[in-house]
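Novice: File follows, coords.txt with compact mmCIF, C-alpha atoms:
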```txt
# COMPACT_ATOMS: atom_id res chain seq x y z
CA MET H 393 24.83 -57.94 77.19
CA THR H 394 23.70 -54.32 76.78
CA TYR H 395 23.23 -53.02 73.25
CA LYS H 396 24.05 -49.40 72.45
CA ILE H 397 21.43 -47.75 70.26
CA LEU H 398 21.89 -44.44 68.46
CA HIS H 399 18.69 -42.86 67.15
CA PHE H 400 18.48 -40.03 64.62
CA ASP H 401 15.17 -38.26 64.16
CA ASN H 402 13.85 -34.74 63.64
CA SER H 403 10.38 -35.57 64.98
CA GLU H 404 9.98 -34.77 68.67
CA ILE H 405 6.99 -37.13 69.02
CA VAL H 406 8.75 -40.12 67.50
CA LYS H 407 11.97 -39.31 69.34
CA GLU H 408 10.28 -39.21 72.74
CA GLY H 409 8.13 -42.27 72.04
CA LEU H 410 11.05 -44.41 70.97
CA LYS H 411 13.17 -43.09 73.83
CA HIS H 412 10.51 -44.21 76.32
CA ILE H 413 10.37 -47.70 74.81
CA ILE H 414 14.12 -48.18 74.48
CA THR H 415 14.96 -46.90 77.96
CA ASN H 416 12.48 -49.39 79.40
CA TYR H 417 14.08 -52.20 77.47
CA SER H 418 16.64 -53.63 79.91
CA TYR H 419 19.09 -54.77 77.24
CA ALA H 420 19.50 -51.41 75.52
CA GLU H 421 21.30 -48.16 76.18
CA ALA H 422 19.95 -45.36 74.00
CA SER H 423 21.49 -42.12 72.80
CA LEU H 424 19.18 -39.86 70.81
CA VAL H 425 20.29 -37.15 68.40
CA ILE H 426 17.99 -34.94 66.34
CA GLU H 427 20.27 -32.91 64.05
CA ASN H 428 19.86 -33.66 60.37
CA SER H 429 23.31 -33.65 58.79
CA ASN H 430 25.73 -36.20 57.46
CA LYS H 431 28.59 -34.72 59.53
CA THR H 432 26.61 -34.91 62.78
CA ILE H 433 25.52 -38.52 62.29
CA ILE H 434 29.02 -39.72 61.40
CA THR H 435 30.55 -37.75 64.30
CA GLU H 436 28.07 -39.25 66.77
CA LEU H 437 28.51 -42.67 65.19
CA ASN H 438 32.24 -42.56 65.79
CA TYR H 439 31.80 -41.18 69.32
CA HIS H 440 29.17 -43.67 70.55
CA ASN H 441 30.20 -46.66 68.41
CA PRO H 442 26.65 -48.09 68.67
CA ASP H 443 25.51 -51.64 67.98
CA ILE H 444 22.36 -50.33 66.32
CA LEU H 445 21.71 -47.14 64.37
CA ILE H 446 18.03 -46.17 64.04
CA ILE H 447 17.16 -43.53 61.44
CA ASN H 448 13.75 -42.06 60.68
CA LEU H 449 13.58 -42.15 56.90
CA ASP H 450 10.67 -39.69 56.92
CA THR H 451 12.64 -36.87 58.58
CA ILE H 452 16.26 -37.58 57.62
CA SER H 453 16.95 -37.13 53.90
CA LYS H 454 17.68 -40.23 51.81
CA ILE H 455 20.88 -38.58 50.54
CA ILE H 456 22.24 -38.40 54.10
CA VAL H 457 21.06 -41.96 54.84
CA ASN H 458 22.86 -43.21 51.71
CA GLU H 459 26.07 -41.44 52.75
CA VAL H 460 25.90 -42.83 56.30
CA ILE H 461 25.27 -46.39 55.07
CA SER H 462 28.17 -46.08 52.63
CA TYR H 463 30.41 -44.81 55.46
CA ILE H 464 29.45 -47.74 57.72
CA ASN H 465 30.04 -50.30 54.96
CA ASN H 466 33.38 -48.81 53.91
CA SER H 467 34.72 -48.27 57.44
CA PHE H 468 33.66 -51.71 58.71
CA LYS H 469 31.66 -50.21 61.57
CA LYS H 470 29.74 -52.75 63.62
CA ALA H 471 26.51 -50.72 63.63
CA ARG H 472 23.45 -52.53 62.28
CA ILE H 473 20.84 -50.24 60.76
CA ILE H 474 17.09 -49.96 61.34
CA LEU H 475 15.12 -47.60 59.12
CA VAL H 476 11.84 -46.26 60.52
CA SER H 477 9.17 -44.87 58.19
CA ASN H 478 5.47 -44.38 57.69
CA ILE H 479 5.72 -45.88 54.21
CA ILE H 480 8.53 -47.55 52.25
CA SER H 481 8.16 -48.33 48.55
CA LYS H 482 9.45 -51.62 47.15
CA THR H 483 12.06 -49.67 45.17
CA VAL H 484 13.40 -47.90 48.27
CA PHE H 485 13.29 -51.16 50.25
CA ASP H 486 15.24 -53.05 47.57
CA LYS H 487 17.89 -50.32 47.46
CA PHE H 488 18.52 -50.20 51.22
CA TYR H 489 18.15 -53.98 51.62
CA ASN H 490 20.89 -54.50 49.03
CA ASP H 491 23.03 -51.96 50.93
CA GLY H 492 22.87 -54.14 54.04
CA VAL H 493 20.10 -52.55 56.11
CA LEU H 494 18.64 -55.21 58.44
CA GLY H 495 15.58 -53.55 59.98
CA PHE H 496 12.58 -51.90 58.29
CA LEU H 497 10.22 -50.73 61.03
CA TYR H 498 6.77 -49.18 60.56
CA LEU H 499 6.66 -45.74 62.20
CA ASN H 500 3.54 -46.43 64.28
CA SER H 501 4.59 -49.87 65.47
CA LYS H 502 3.61 -50.89 68.98
CA LYS H 503 6.16 -51.46 71.73
CA ASP H 504 6.33 -55.25 71.28
CA GLU H 505 7.12 -54.96 67.56
CA ILE H 506 9.78 -52.33 68.15
CA ILE H 507 11.50 -54.54 70.74
CA HIS H 508 11.12 -57.57 68.48
CA CYS H 509 12.76 -55.64 65.62
CA ILE H 510 15.66 -54.55 67.85
CA LYS H 511 16.20 -58.11 69.10
CA ASN H 512 16.26 -59.47 65.54
CA VAL H 513 18.69 -56.87 64.29
CA CYS H 514 20.92 -57.35 67.36
CA THR H 515 21.42 -60.95 66.22
CA ARG H 516 21.97 -59.79 62.62
CA SER H 517 18.58 -61.13 61.52
CA ILE H 518 16.44 -59.21 59.03
CA TYR H 519 13.22 -57.66 60.29
CA ILE H 520 10.50 -56.20 58.04
CA SER H 521 7.24 -54.88 59.51
CA GLU H 522 4.13 -56.71 58.30
CA LYS H 523 2.70 -53.35 57.22
CA PHE H 524 5.44 -53.00 54.62
CA LYS H 525 5.09 -56.61 53.45
CA GLU H 526 1.39 -56.03 52.81
CA ASN H 527 2.16 -52.90 50.76
CA PHE H 528 4.80 -54.79 48.73
CA LYS H 529 2.25 -57.50 47.88
CA LYS H 530 -0.29 -54.89 46.77
CA ASN H 531 2.32 -53.18 44.60
CA LEU H 532 3.36 -56.48 43.02
CA SER H 533 -0.28 -57.32 42.30
CA SER H 534 -0.81 -53.85 40.84
CA ASN H 535 2.29 -54.19 38.65
CA ASP H 536 1.18 -57.60 37.34
CA SER H 537 -2.15 -56.08 36.32
CA LEU H 538 -0.39 -53.10 34.72
CA ILE H 539 1.90 -55.39 32.70
CA ASP H 540 -1.06 -57.39 31.37
CA ASN H 541 -3.07 -54.27 30.49
CA PHE H 542 -0.04 -52.65 28.85
CA LYS H 543 -0.07 -55.32 26.13
CA SER H 544 -3.35 -53.96 24.75
CA LEU H 545 -1.96 -50.48 24.03
CA THR H 546 -1.26 -49.39 20.45
CA SER H 547 2.06 -47.87 19.32
CA LYS H 548 0.47 -44.42 19.15
CA GLU H 549 -0.90 -44.80 22.69
CA LEU H 550 2.57 -45.83 23.88
CA ASP H 551 3.99 -42.70 22.25
CA VAL H 552 1.41 -40.57 24.06
CA ILE H 553 2.29 -42.23 27.38
CA GLU H 554 6.00 -41.57 26.88
CA LEU H 555 5.36 -37.89 26.14
CA ILE H 556 3.04 -37.51 29.15
CA ILE H 557 5.73 -38.97 31.43
CA ILE H 558 8.31 -36.42 30.28
CA GLY H 559 5.86 -33.61 31.07
CA LYS H 560 4.26 -32.73 27.73
CA THR H 561 0.72 -31.33 27.66
CA SER H 562 -1.97 -32.61 25.29
CA ARG H 563 -1.43 -29.55 23.05
CA GLU H 564 2.34 -30.17 22.91
CA ILE H 565 1.83 -33.89 22.24
CA ALA H 566 -0.56 -33.05 19.41
CA ILE H 567 2.11 -30.87 17.76
CA ILE H 568 4.85 -33.50 18.18
CA LEU H 569 2.71 -36.35 16.80
CA HIS H 570 1.03 -34.20 14.12
CA ASN H 571 -2.44 -34.81 15.53
CA SER H 572 -5.20 -32.57 16.79
CA LYS H 573 -5.54 -31.91 20.52
CA ARG H 574 -8.92 -33.65 20.38
CA THR H 575 -7.29 -36.79 18.95
CA ILE H 576 -4.74 -36.82 21.78
CA GLU H 577 -7.52 -36.43 24.34
CA THR H 578 -9.22 -39.45 22.74
CA HIS H 579 -5.96 -41.41 23.02
CA ARG H 580 -5.73 -40.43 26.70
CA GLN H 581 -9.27 -41.67 27.28
CA HIS H 582 -8.53 -45.02 25.60
CA ILE H 583 -5.30 -45.41 27.60
CA SER H 584 -7.18 -44.79 30.85
CA GLU H 585 -9.79 -47.38 29.91
CA LYS H 586 -7.20 -50.01 28.94
CA LEU H 587 -5.17 -49.45 32.12
CA SER H 588 -8.34 -49.52 34.28
CA ILE H 589 -7.76 -45.99 35.59
CA ILE H 590 -10.88 -44.65 37.25
CA GLY H 591 -11.47 -40.92 37.54
CA GLN H 592 -11.15 -38.02 35.11
CA GLY H 593 -7.70 -36.47 35.04
CA ARG H 594 -6.09 -39.41 36.89
CA LEU H 595 -3.95 -40.65 33.98
CA THR H 596 -0.96 -38.36 34.53
CA LEU H 597 -0.87 -39.09 38.26
CA PHE H 598 -1.13 -42.84 37.61
CA LEU H 599 1.77 -42.73 35.14
CA ILE H 600 3.93 -40.81 37.61
CA GLU H 601 3.10 -43.23 40.44
CA HIS H 602 4.11 -46.22 38.25
CA LYS H 603 6.87 -44.41 36.35
CA ARG H 604 9.63 -46.95 36.87
CA THR H 605 7.53 -49.93 35.77
CA ILE H 606 6.11 -48.04 32.78
CA LEU H 607 9.54 -46.87 31.61
CA ASP H 608 10.74 -50.48 31.70
CA LEU H 609 7.69 -51.57 29.70
CA LEU H 610 8.22 -48.79 27.17
CA ALA H 611 11.89 -49.71 26.78
CA ASN H 612 10.95 -53.31 25.99
CA SER H 613 7.99 -52.55 23.73
CA PRO H 614 8.28 -53.31 19.95
CA ARG H 615 8.08 -49.68 18.79
CA LYS H 616 11.68 -48.66 18.12
CA LYS H 617 10.83 -46.93 14.84
CA THR H 618 8.18 -44.65 16.31
CA LYS H 619 10.36 -44.01 19.35
CA LEU H 620 13.19 -42.78 17.10
CA ASN H 621 10.74 -40.52 15.28
CA ILE H 622 9.64 -38.99 18.60
CA GLN H 623 13.25 -38.39 19.65
CA ARG H 624 13.97 -36.61 16.33
CA LYS H 625 10.89 -34.42 16.70
CA LEU H 626 11.81 -33.49 20.28
CA LYS H 627 15.28 -32.36 19.15
CA ARG H 628 13.84 -29.95 16.60
```
Please go through the file and, once you have read it, give me the structure as structure tokens.
Specialist:
Amino acid sequence: MTYKILHFDNSEIVKEGLKHIITNYSYAEASLVIENSNKTIITELNYHNPDILIINLDTISKIIVNEVISYINNSFKKARIILVSNIISKTVFDKFYNDGVLGFLYLNSKKDEIIHCIKNVCTRSIYISEKFKENFKKNLSSNDSLIDNFKSLTSKELDVIELIIIGKTSREIAIILHNSKRTIETHRQHISEKLSIIGQGRLTLFLIEHKRTILDLLANSPRKKTKLNIQRKLKR
């Protein structure tokens, strides 16, 4: 049986590399398209009616990918989806996995892994590159450490964290919390120490990188009274 593969990518290097591998794979017939639009992908999808749809998540916007996946699920198309990327976060993986995506392929995978992924997805088996699994484990380990360290933060430090996340500067936080800028800088230093953040000026970046986890921790922290006070002050 020959499997029809439709590949969407805006990277010439990836497009040509994958084309070379797929065309030398005797059980696949590949059609490659490089235009980045929802209309183009759906038009080509209907025209080729592929068994597998490969999309480079690094060059095709996630909005378009979401729309295409929704179209496939709602129209009962037979196409199984493989997403190719240089890096996929656990959050993005969970979202697309729950939407029915079967393949998650590391962008720089070697020929054997690419073929192995295609074979798995052809039989409706899930395939996740080891590179992504390793990153997920690191993230989980990092989150566990963050959760433990978060317990040592005071209510005032939690307030400072919440205001940093929504984009407030130390001067603005000082005004909102009725403290001096120097006091807020001291709070920032203590937060960095408690969260094991190494490097001056790294706190804001760290909070942005772990925003989802931190927002969940803030929502479940026992500081409703101070949180309401902050919300009132922000509305003024």
Novice: Choose the residue, out of H:Leu445, H:Ile539, H:Ile507, H:Val460, that has the smallest atom-to-atom separation from Leu494 in chain H; count only C-alpha atoms.
Specialist: H:Leu445
Novice: What's around Leu475 in chain H at 8 Å? Count all atoms listed in the file, leave out sequence neighbours fewer than 5 positions away in its own chain, and write the answer as an mmCIF file with C-alpha atoms, in the coordinates of the input.
Specialist:
```cif
data_model
loop_
_atom_site.group_PDB
_atom_site.id
_atom_site.type_symbol
_atom_site.label_atom_id
_atom_site.label_comp_id
_atom_site.auth_asym_id
_atom_site.auth_seq_id
_atom_site.Cartn_x
_atom_site.Cartn_y
_atom_site.Cartn_z
ATOM 1 C CA ILE H 446 18.030 -46.170 64.040
ATOM 2 C CA ILE H 447 17.160 -43.530 61.440
ATOM 3 C CA ASN H 448 13.750 -42.060 60.680
ATOM 4 C CA LEU H 449 13.580 -42.150 56.900
ATOM 5 C CA VAL H 493 20.100 -52.550 56.110
ATOM 6 C CA GLY H 495 15.580 -53.550 59.980
ATOM 7 C CA PHE H 496 12.580 -51.900 58.290
ATOM 8 C CA LEU H 497 10.220 -50.730 61.030
#
```
Novice: So, counting all atoms listed in the file, which residue among H:Ser537, H:Ser481, H:Ser501, H:Ser517 is closest to Ser588 in chain H?
Specialist: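 Closest to Ser588 in chain H of all the choices is H:Ser537.
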Novice: Using all atoms listed in the file, determine which residues lie at most 9 Å from Ile461 in chain H, disregarding the query and same-chain residues fewer than 5 positions distant; provide the list as a ChimeraX atom specification.
Specialist: /H:456,466,473,488,491-493
Novice: Take CA of Asp608 in chain H and CA of Ser544 in chain H and report the distance between them in Å, one decimal.
Specialist: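 Those two atoms sit 16.1 Å apart.
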Novice: How far is it from CA of Asp551 in chain H to CA of Lys482 in chain H, in Å with one decimal?
Specialist: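 Distance reported for this atom pair: 27.0 Å.
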Novice: From the list H:Lys603, H:Arg472, H:His440, H:Lys503, which residue is nearest His412 in chain H when using only C-alpha atoms?
Specialist: H:Lys503
Novice: Check the smallest atom-to-atom distance from each of H:Tyr439, H:Tyr395, H:Tyr463, H:Phe598 to Leu538 in chain H using all atoms listed in the file, then report the winner.
Specialist: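 Among the listed residues, H:Phe598 lies closest to Leu538 in chain H.
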Novice: Which one of H:Ile474, H:Ile553, H:Ile567, H:His579 sits closest to Leu597 in chain H if you count only C-alpha atoms?
Specialist: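 Result for the nearest residue to Leu597 in chain H: H:Ile553.
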Novice: At a cut-off of 12 Å, using all atoms listed in the file, what residues contact Ala566 in chain H? Leave out same-chain residues fewer than 2 positions from it and give the result as a list in words.
Specialist: Lys548, Asp551, Val552, Leu555, Ile556, Lys560, Thr561, Ser562, Arg563, Glu564, Ile568, Leu569, His570, Asn571, Ser572, Lys573, Arg574, Thr575, Ile576, Glu577, Thr578, His579, Arg580, Ile622 and Lys625 of chain H
Novice: What is the distance, in Å and to one decimal place, between CA of Lys431 in chain H and CA of Ser521 in chain H?
Specialist: 29.4 Å
Novice: Can you work out which one of H:Leu607, H:Leu587, H:Ile464, H:Ile480 has the shortest atom-to-atom distance to Asp540 in chain H, counting all atoms listed in the file?
Specialist: H:Leu587
Novice: Could you give me, as a list in words, the residues within 10 Å of Asn541 in chain H, counting all atoms listed in the file and dropping anything in the same chain fewer than 5 positions from it?
Specialist: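 Here the qualifying residues turn out to be Asn535, Asp536, Ile583, Glu585, Lys586, Leu587 and Ser588 of chain H.
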